[in-house]
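The next block is target-v9.txt, given as compact mmCIF, C-alpha atoms.
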# COMPACT_ATOMS: atom_id res chain seq x y z
CA MET A 1 0.00 0.00 0.00
CA THR A 2 3.04 2.20 0.32
CA PHE A 3 6.48 3.02 -1.01
CA SER A 4 9.16 4.56 1.18
CA ILE A 5 12.85 5.14 1.71
CA VAL A 6 14.85 5.47 4.91
CA GLY A 7 18.24 7.10 4.55
CA HIS A 8 21.38 8.19 6.38
CA CYS A 9 23.86 10.84 5.26
CA PRO A 10 27.43 9.89 6.24
CA ARG A 11 28.63 13.48 5.70
CA THR A 12 26.18 15.20 8.06
CA GLY A 13 24.84 12.35 10.21
CA GLN A 14 21.29 13.29 9.19
CA LEU A 15 18.61 10.59 9.21
CA GLY A 16 15.33 10.68 7.35
CA VAL A 17 12.30 8.99 5.86
CA ALA A 18 10.19 9.78 2.80
CA VAL A 19 6.97 7.90 2.07
CA SER A 20 3.85 7.99 -0.08
CA THR A 21 0.69 5.92 -0.22
CA ALA A 22 -2.95 5.78 -1.29
CA VAL A 23 -4.39 6.19 2.20
CA PRO A 24 -4.76 9.42 4.20
CA ALA A 25 -2.14 10.93 6.48
CA VAL A 26 0.79 8.59 5.87
CA GLY A 27 3.05 11.02 7.75
CA SER A 28 1.15 10.30 10.97
CA MET A 29 1.66 6.55 11.00
CA CYS A 30 4.66 5.30 9.00
CA PRO A 31 7.84 7.44 9.40
CA TYR A 32 9.81 7.45 12.65
CA VAL A 33 13.18 9.11 13.26
CA ARG A 34 15.30 9.53 16.37
CA PRO A 35 18.31 11.86 16.00
CA GLY A 36 21.66 10.13 16.37
CA VAL A 37 19.90 6.76 16.52
CA GLY A 38 18.05 5.73 13.37
CA ALA A 39 15.16 6.07 10.94
CA VAL A 40 12.33 3.62 10.30
CA SER A 41 9.36 3.28 7.97
CA THR A 42 6.77 0.77 9.19
CA GLN A 43 4.09 -0.06 6.62
CA SER A 44 1.82 -2.61 4.92
CA TRP A 45 -0.59 -3.61 7.74
CA VAL A 46 1.12 -1.12 10.02
CA ASN A 47 2.49 -1.94 13.45
CA PRO A 48 3.91 1.35 14.80
CA TYR A 49 5.53 -0.46 17.72
CA LEU A 50 7.94 -2.16 15.34
CA ALA A 51 9.42 1.28 14.65
CA ILE A 52 9.15 2.55 18.22
CA ASP A 53 10.76 -0.55 19.71
CA ALA A 54 13.44 -0.81 17.01
CA LEU A 55 14.52 2.77 17.70
CA ARG A 56 14.61 2.03 21.43
CA LEU A 57 16.90 -0.95 20.80
CA MET A 58 19.15 1.08 18.49
CA GLU A 59 19.40 3.77 21.15
CA ARG A 60 20.66 1.07 23.53
CA GLY A 61 23.40 0.14 21.06
CA GLU A 62 21.86 -2.50 18.78
CA SER A 63 22.57 -2.20 15.08
CA GLY A 64 19.69 -1.49 12.70
CA PRO A 65 19.64 -5.07 11.37
CA ASP A 66 19.80 -6.59 14.87
CA ALA A 67 17.04 -4.31 16.12
CA LEU A 68 14.84 -5.27 13.19
CA ARG A 69 15.34 -8.97 13.80
CA ALA A 70 14.45 -8.55 17.47
CA VAL A 71 11.21 -6.64 16.94
CA LEU A 72 10.01 -8.95 14.18
CA ALA A 73 10.59 -11.98 16.39
CA ALA A 74 8.13 -10.51 18.89
CA ASP A 75 5.36 -9.80 16.32
CA ASP A 76 3.17 -12.83 15.61
CA GLN A 77 1.71 -11.05 12.56
CA ARG A 78 5.10 -10.25 11.00
CA ASP A 79 4.09 -11.94 7.75
CA LEU A 80 1.76 -8.98 7.13
CA ARG A 81 4.34 -6.31 7.93
CA GLN A 82 6.82 -4.36 5.89
CA ILE A 83 9.54 -2.25 7.48
CA GLY A 84 12.82 -0.58 6.59
CA VAL A 85 15.42 0.65 9.08
CA VAL A 86 18.76 2.43 9.02
CA ASP A 87 20.89 3.28 12.03
CA ALA A 88 23.20 6.22 12.69
CA ARG A 89 26.17 4.32 11.23
CA GLY A 90 24.31 3.63 7.99
CA ARG A 91 23.63 -0.05 8.72
CA ALA A 92 20.33 -0.82 7.01
CA ALA A 93 17.85 -3.68 6.84
CA ALA A 94 14.32 -4.35 5.62
CA TRP A 95 11.58 -6.95 5.91
CA SER A 96 8.72 -7.69 3.52
CA GLY A 97 6.40 -10.29 5.00
CA PRO A 98 5.17 -13.00 2.61
CA ARG A 99 1.54 -11.97 3.16
CA CYS A 100 2.07 -8.38 2.01
CA THR A 101 0.02 -7.41 -1.05
CA ASP A 102 1.70 -7.81 -4.46
CA TRP A 103 3.84 -6.35 -5.81
CA PHE A 104 6.00 -6.09 -2.72
CA GLY A 105 9.71 -6.10 -2.01
CA HIS A 106 12.68 -4.06 -0.91
CA VAL A 107 16.23 -2.95 -1.70
CA VAL A 108 18.87 -2.61 1.02
CA GLU A 109 22.28 -0.97 0.67
CA ASP A 110 24.64 0.89 2.98
CA HIS A 111 22.87 4.03 4.24
CA LEU A 112 19.47 3.21 2.72
CA ALA A 113 16.53 0.86 2.62
CA VAL A 114 13.73 1.16 0.06
CA GLN A 115 10.52 -0.82 0.47
CA GLY A 116 7.09 -0.98 -1.12
CA ASN A 117 3.93 -3.03 -1.29
CA MET A 118 0.80 -2.99 -3.44
CA LEU A 119 2.99 -1.46 -6.16
CA VAL A 120 2.75 -1.53 -9.92
CA GLY A 121 6.01 -3.49 -9.94
CA GLU A 122 9.62 -3.89 -8.85
CA ALA A 123 10.71 -0.89 -10.94
CA THR A 124 9.44 1.46 -8.22
CA VAL A 125 11.92 0.37 -5.55
CA SER A 126 14.79 -0.12 -8.01
CA ALA A 127 14.34 3.40 -9.40
CA MET A 128 14.21 4.86 -5.90
CA ALA A 129 17.48 3.27 -4.84
CA ALA A 130 19.18 4.36 -8.07
CA ALA A 131 17.98 7.97 -7.66
CA PHE A 132 19.21 8.12 -4.06
CA ARG A 133 22.64 6.82 -5.11
CA ALA A 134 22.88 9.21 -8.05
CA ALA A 135 22.23 12.25 -5.85
CA ALA A 136 25.04 11.51 -3.36
CA SER A 137 26.35 15.11 -3.47
CA GLU A 138 22.98 16.57 -2.43
CA ASP A 139 21.65 17.00 1.09
CA LEU A 140 19.58 14.18 2.56
CA ALA A 141 16.18 15.80 2.08
CA GLU A 142 16.87 16.34 -1.61
CA ARG A 143 18.11 12.77 -2.05
CA LEU A 144 14.99 11.37 -0.38
CA LEU A 145 12.72 13.54 -2.52
CA ARG A 146 14.47 12.50 -5.72
CA ALA A 147 14.01 8.88 -4.72
CA MET A 148 10.29 9.44 -4.19
CA GLU A 149 9.93 11.21 -7.52
CA ALA A 150 11.71 8.33 -9.27
CA GLY A 151 9.48 5.79 -7.53
CA GLN A 152 6.33 7.64 -8.51
CA ALA A 153 7.51 7.97 -12.11
CA ALA A 154 8.17 4.22 -12.18
CA GLY A 155 4.62 3.40 -11.12
CA GLY A 156 4.24 3.84 -7.38
CA ASP A 157 1.14 2.56 -5.57
CA LYS A 158 -1.08 0.68 -8.02
CA ARG A 159 -4.28 2.02 -6.37
CA GLY A 160 -3.39 5.67 -7.00
CA ARG A 161 -2.15 8.60 -4.91
CA GLN A 162 -3.30 10.28 -1.72
CA SER A 163 -0.63 11.32 0.80
CA ALA A 164 3.13 11.76 1.21
CA ALA A 165 5.60 12.84 3.88
CA LEU A 166 9.24 13.78 4.35
CA ARG A 167 10.97 13.86 7.74
CA VAL A 168 14.65 14.66 8.33
CA HIS A 169 16.53 15.05 11.61
CA ASP A 170 20.03 16.20 12.39
CA GLU A 171 21.36 16.16 15.97
CA GLU A 172 18.52 18.16 17.53
CA GLU A 173 15.54 16.52 19.22
CA TYR A 174 13.19 18.43 16.92
CA ALA A 175 12.97 17.83 13.19
CA ARG A 176 15.01 19.74 10.66
CA LEU A 177 12.14 19.12 8.21
CA ASP A 178 8.75 17.50 8.78
CA LEU A 179 6.61 18.03 5.68
CA ARG A 180 3.28 16.35 4.92
CA VAL A 181 0.79 16.27 2.07
CA ASP A 182 -2.70 14.84 2.59
CA GLU A 183 -5.68 14.30 0.30
CA HIS A 184 -3.87 15.42 -2.85
CA PRO A 185 -4.13 13.96 -6.38
CA ASP A 186 -0.34 14.11 -6.82
CA PRO A 187 1.18 14.10 -3.32
CA VAL A 188 4.82 13.53 -4.30
CA ALA A 189 4.75 16.50 -6.69
CA GLU A 190 3.04 18.58 -4.01
CA LEU A 191 5.68 17.50 -1.50
CA ARG A 192 8.31 18.85 -3.89
CA ARG A 193 6.46 22.18 -4.11
CA ILE A 194 6.20 22.46 -0.34
CA HIS A 195 9.87 21.55 0.03
CA ARG A 196 10.84 24.42 -2.30
CA ILE A 197 8.92 26.84 -0.08
CA ALA A 198 10.38 25.31 3.09
CA ARG A 199 13.95 25.73 1.84
CA HIS A 200 13.37 29.47 1.53
CA GLN A 201 11.13 30.08 4.52
CA LEU A 202 11.33 27.27 7.08
CA VAL A 203 14.95 26.08 6.92
CA PRO A 204 16.43 29.54 7.70
CA PHE A 205 14.02 29.90 10.62
CA VAL A 206 14.89 26.46 12.03
CA ALA A 207 18.59 27.25 11.68
CA GLY A 208 18.16 30.01 14.27
CA MET A 209 16.18 27.93 16.78
CA PRO A 210 17.78 26.94 20.12
CA LYS A 211 20.30 24.11 19.92
CA LYS A 212 21.05 21.61 22.66
CA ARG A 213 24.78 22.35 22.35
CA GLY A 214 24.52 26.14 22.22
CA THR A 215 22.52 29.18 23.20
CA ALA A 216 19.52 30.45 21.29
CA ILE A 217 20.22 33.09 18.69
CA ALA A 218 17.83 35.61 17.20
CA PRO A 219 16.84 34.93 13.59
CA PRO A 220 18.93 36.97 11.14
CA PRO A 221 17.29 40.29 10.25
CA ASP A 222 16.59 39.19 6.68
CA VAL A 223 14.76 36.08 7.94
CA MET A 224 12.72 38.19 10.36
CA ARG A 225 11.79 40.62 7.59
CA MET A 226 10.86 37.77 5.26
CA LEU A 227 8.55 36.10 7.77
CA LEU A 228 6.75 39.38 8.46
CA GLU A 229 5.63 39.39 4.83
CA PRO A 230 2.42 37.62 3.70
CA PRO A 231 3.30 34.10 2.42
CA PRO A 232 2.77 34.80 -1.31
CA ARG A 233 5.28 37.69 -1.12
CA ARG A 234 8.08 35.63 0.45
CA PRO A 235 10.86 33.87 -1.51
CA GLY A 236 9.43 30.68 -2.92
CA GLY A 237 5.86 31.93 -2.60
CA GLY A 238 3.39 29.83 -0.68
CA GLY A 239 -0.01 30.25 0.90
CA SER A 240 -1.78 30.48 -2.43
CA GLY A 241 -1.54 27.01 -3.96
CA PRO A 242 0.52 25.91 -7.00
structure tokens encoding of this file:
Amino acid sequence: MTFSIVGHCPRTGQLGVAVSTAVPAVGSMCPYVRPGVGAVSTQSWVNPYLAIDALRLMERGESGPDALRAVLAADDQRDLRQIGVVDARGRAAAWSGPRCTDWFGHVVEDHLAVQGNMLVGEATVSAMAAAFRAAASEDLAERLLRAMEAGQAAGGDKRGRQSAALRVHDEEEYARLDLRVDEHPDPVAELRRIHRIARHQLVPFVAGMPKKRGTAIAPPPDVMRMLLEPPPRRPGGGGSGP
């Protein structure tokens, strides 16, 4: 019912998840990230505790693959589950239970896991992994978005389109980016549009927020001036649709 990617950036230590599906509000149920620990997408017939418990185990020192094995062993409905994990060292793993809905499968490499079920075909996950690899010089959010765009172009969810989400963390407890699209005919494209706005308007604001290893700083004057403007008049636009 879903296609997703979990990724780790070895240059910055950032961790993130991008996901899209043909049910509402995928960002509320599938992506989980804990800074400095790992990123997880739990999907198919969703068990959120697989992600929650896997992150808890990774925080205690388990690798991503070991944490995944442990949480699956405790789930007696694991044959219906699909999940991808990556830890803060880039060790990745995925599971696609044999009772997931066709087409289903996954791709696992260092620093990434791509997984999908109820897809048009295998091309979706293969294209996503290739797009993530090809964008290695970009920041993590951009790499995840390019993977999602490639997956959608290769077919995506065979039922259609409804929601999408992108979540990226660096070392702070709060998200660097947490973007969601719900009830949209082309959610991945809309996620791209929102990301363009966020790069101009949200990212500079978040950069000035308090940090756990430093004191709070006031937003730069140009950021303050920008955010006092109505959304359509800011760089990147926004607030008025496509």
**Request:** Please provide the set of residues having any atom within 7 Å of A:Ala88, restricted to all atoms listed in the file, with same-chain residues fewer than 6 positions apart removed, written as a list in words.
**Result:** His8, Gly13, Gly36, Val37 and Gly38 of chain A
**Residues within 12 Å of A:Ala134, only C-alpha atoms, excluding chain neighbours under 2 positions, as a ChimeraX atom specification** = /A:127-132,136-138,142-144,146-147,150
**Prompt:** If you measure from atom CA of A:Glu229 to atom CA of A:Ala189, what distance in Å do you get, rounded to one decimal?
**Reply:** 25.6 Å
**Fill in**
Nearest to A:Tyr32, restricted to all atoms listed in the file and choosing among A:Arg167, A:Arg60, A:His111, A:Arg69, comes out as A:Arg167
**Item:** stretch 196-203 of chain A surroundings by only C-alpha atoms, 9 Å radius, close-in-sequence under 6 positions cut, as a list in words
**Value:** Arg176, Leu177, Leu179, Val223, Met226, Leu227, Arg234, Pro235, Gly236, Gly237 and Gly238 of chain A
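Proximity to A:Val85 was assessed for A:Val19, A:Ala51, A:Val168, A:Val107 counting only C-alpha atoms; the smallest distance is recorded for A:Ala51.
When atom CA of A:Tyr49 is paired with atom CA of A:Val71, their separation reads 8.4 Å.
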**Prompt:** Taking (0.6, 4.3, 11.0) in the file's coordinates as the center, which residues reach within 12 Å of it, counting all atoms listed in the file, put as number ranges by chain?
**Reply:** A: 1-2, 19, 21, 23-32, 40-52, 81-83
With 8 Å added on each side, what axis-aligned box encloses every listed atom of stretch 147-151 of chain A? Give the centre and edge lengths in Å to one decimal, as lines of an AutoDock Vina configuration file.
center_x = 11.7
center_y = 8.5
center_z = -6.7
size_x = 20.5
size_y = 21.4
size_z = 21.1
**Request:** Take atom CA of A:Glu59 and atom CA of A:Ala113 and report the distance between them in Å, one decimal.
**Result:**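 Answer for the atom CA of A:Glu59 to atom CA of A:Ala113 separation: 19.0 Å.
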Residues at most 7 Å from A:Leu15, counting all atoms listed in the file, excluding those fewer than 6 positions away in the same chain, as a PDB file with C-alpha atoms, keeping the file's coordinate frame?
ATOM      1  CA  GLY A   7      18.240   7.100   4.550  1.00  0.00           C
ATOM      2  CA  HIS A   8      21.380   8.190   6.380  1.00  0.00           C
ATOM      3  CA  CYS A   9      23.860  10.840   5.260  1.00  0.00           C
ATOM      4  CA  VAL A  33      13.180   9.110  13.260  1.00  0.00           C
ATOM      5  CA  PRO A  35      18.310  11.860  16.000  1.00  0.00           C
ATOM      6  CA  GLY A  38      18.050   5.730  13.370  1.00  0.00           C
ATOM      7  CA  ALA A  39      15.160   6.070  10.940  1.00  0.00           C
ATOM      8  CA  VAL A 168      14.650  14.660   8.330  1.00  0.00           C
ATOM      9  CA  HIS A 169      16.530  15.050  11.610  1.00  0.00           C
ATOM     10  CA  ASP A 170      20.030  16.200  12.390  1.00  0.00           C
TER      11      ASP A 170
END
**Prompt:** Between A:Leu140, A:Leu119, A:Ala67, A:Leu72, which is the closest to A:Asp87 once you count all atoms listed in the file?
**Reply:**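 Smallest distance to A:Asp87 is found for A:Ala67.
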**Request:** Step by step: start from the point (-2.6, 5.2, -2.5) in the file's coordinates, keep every protein, DNA or RNA residue that has an atom no farther than 6 Å from it, count only C-alpha atoms, and write the set as a PyMOL selection string.
**Result:** chain A and resi 21-23+157+159-162
**Request:** Name all residues at most 6 Å from A:Gly116 (count all atoms listed in the file; drop same-chain ones fewer than 5 positions away) and give them as number ranges by chain.
**Result:** A: 2-3, 104-105
Take the residues from that selection and put them in a file with C-alpha atoms, as a short mmCIF file (atom, residue, chain, number, x, y, z; two decimals), in the frame of the given file.
data_model
loop_
_atom_site.label_atom_id
_atom_site.label_comp_id
_atom_site.auth_asym_id
_atom_site.auth_seq_id
_atom_site.Cartn_x
_atom_site.Cartn_y
_atom_site.Cartn_z
CA THR A 2 3.04 2.20 0.32
CA PHE A 3 6.48 3.02 -1.01
CA PHE A 104 6.00 -6.09 -2.72
CA GLY A 105 9.71 -6.10 -2.01
#
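In terms of minimum interatomic distance to A:Ala94, A:Leu112 ranks closest within A:Val188, A:Ala141, A:Leu228, A:Leu112, counting only C-alpha atoms.
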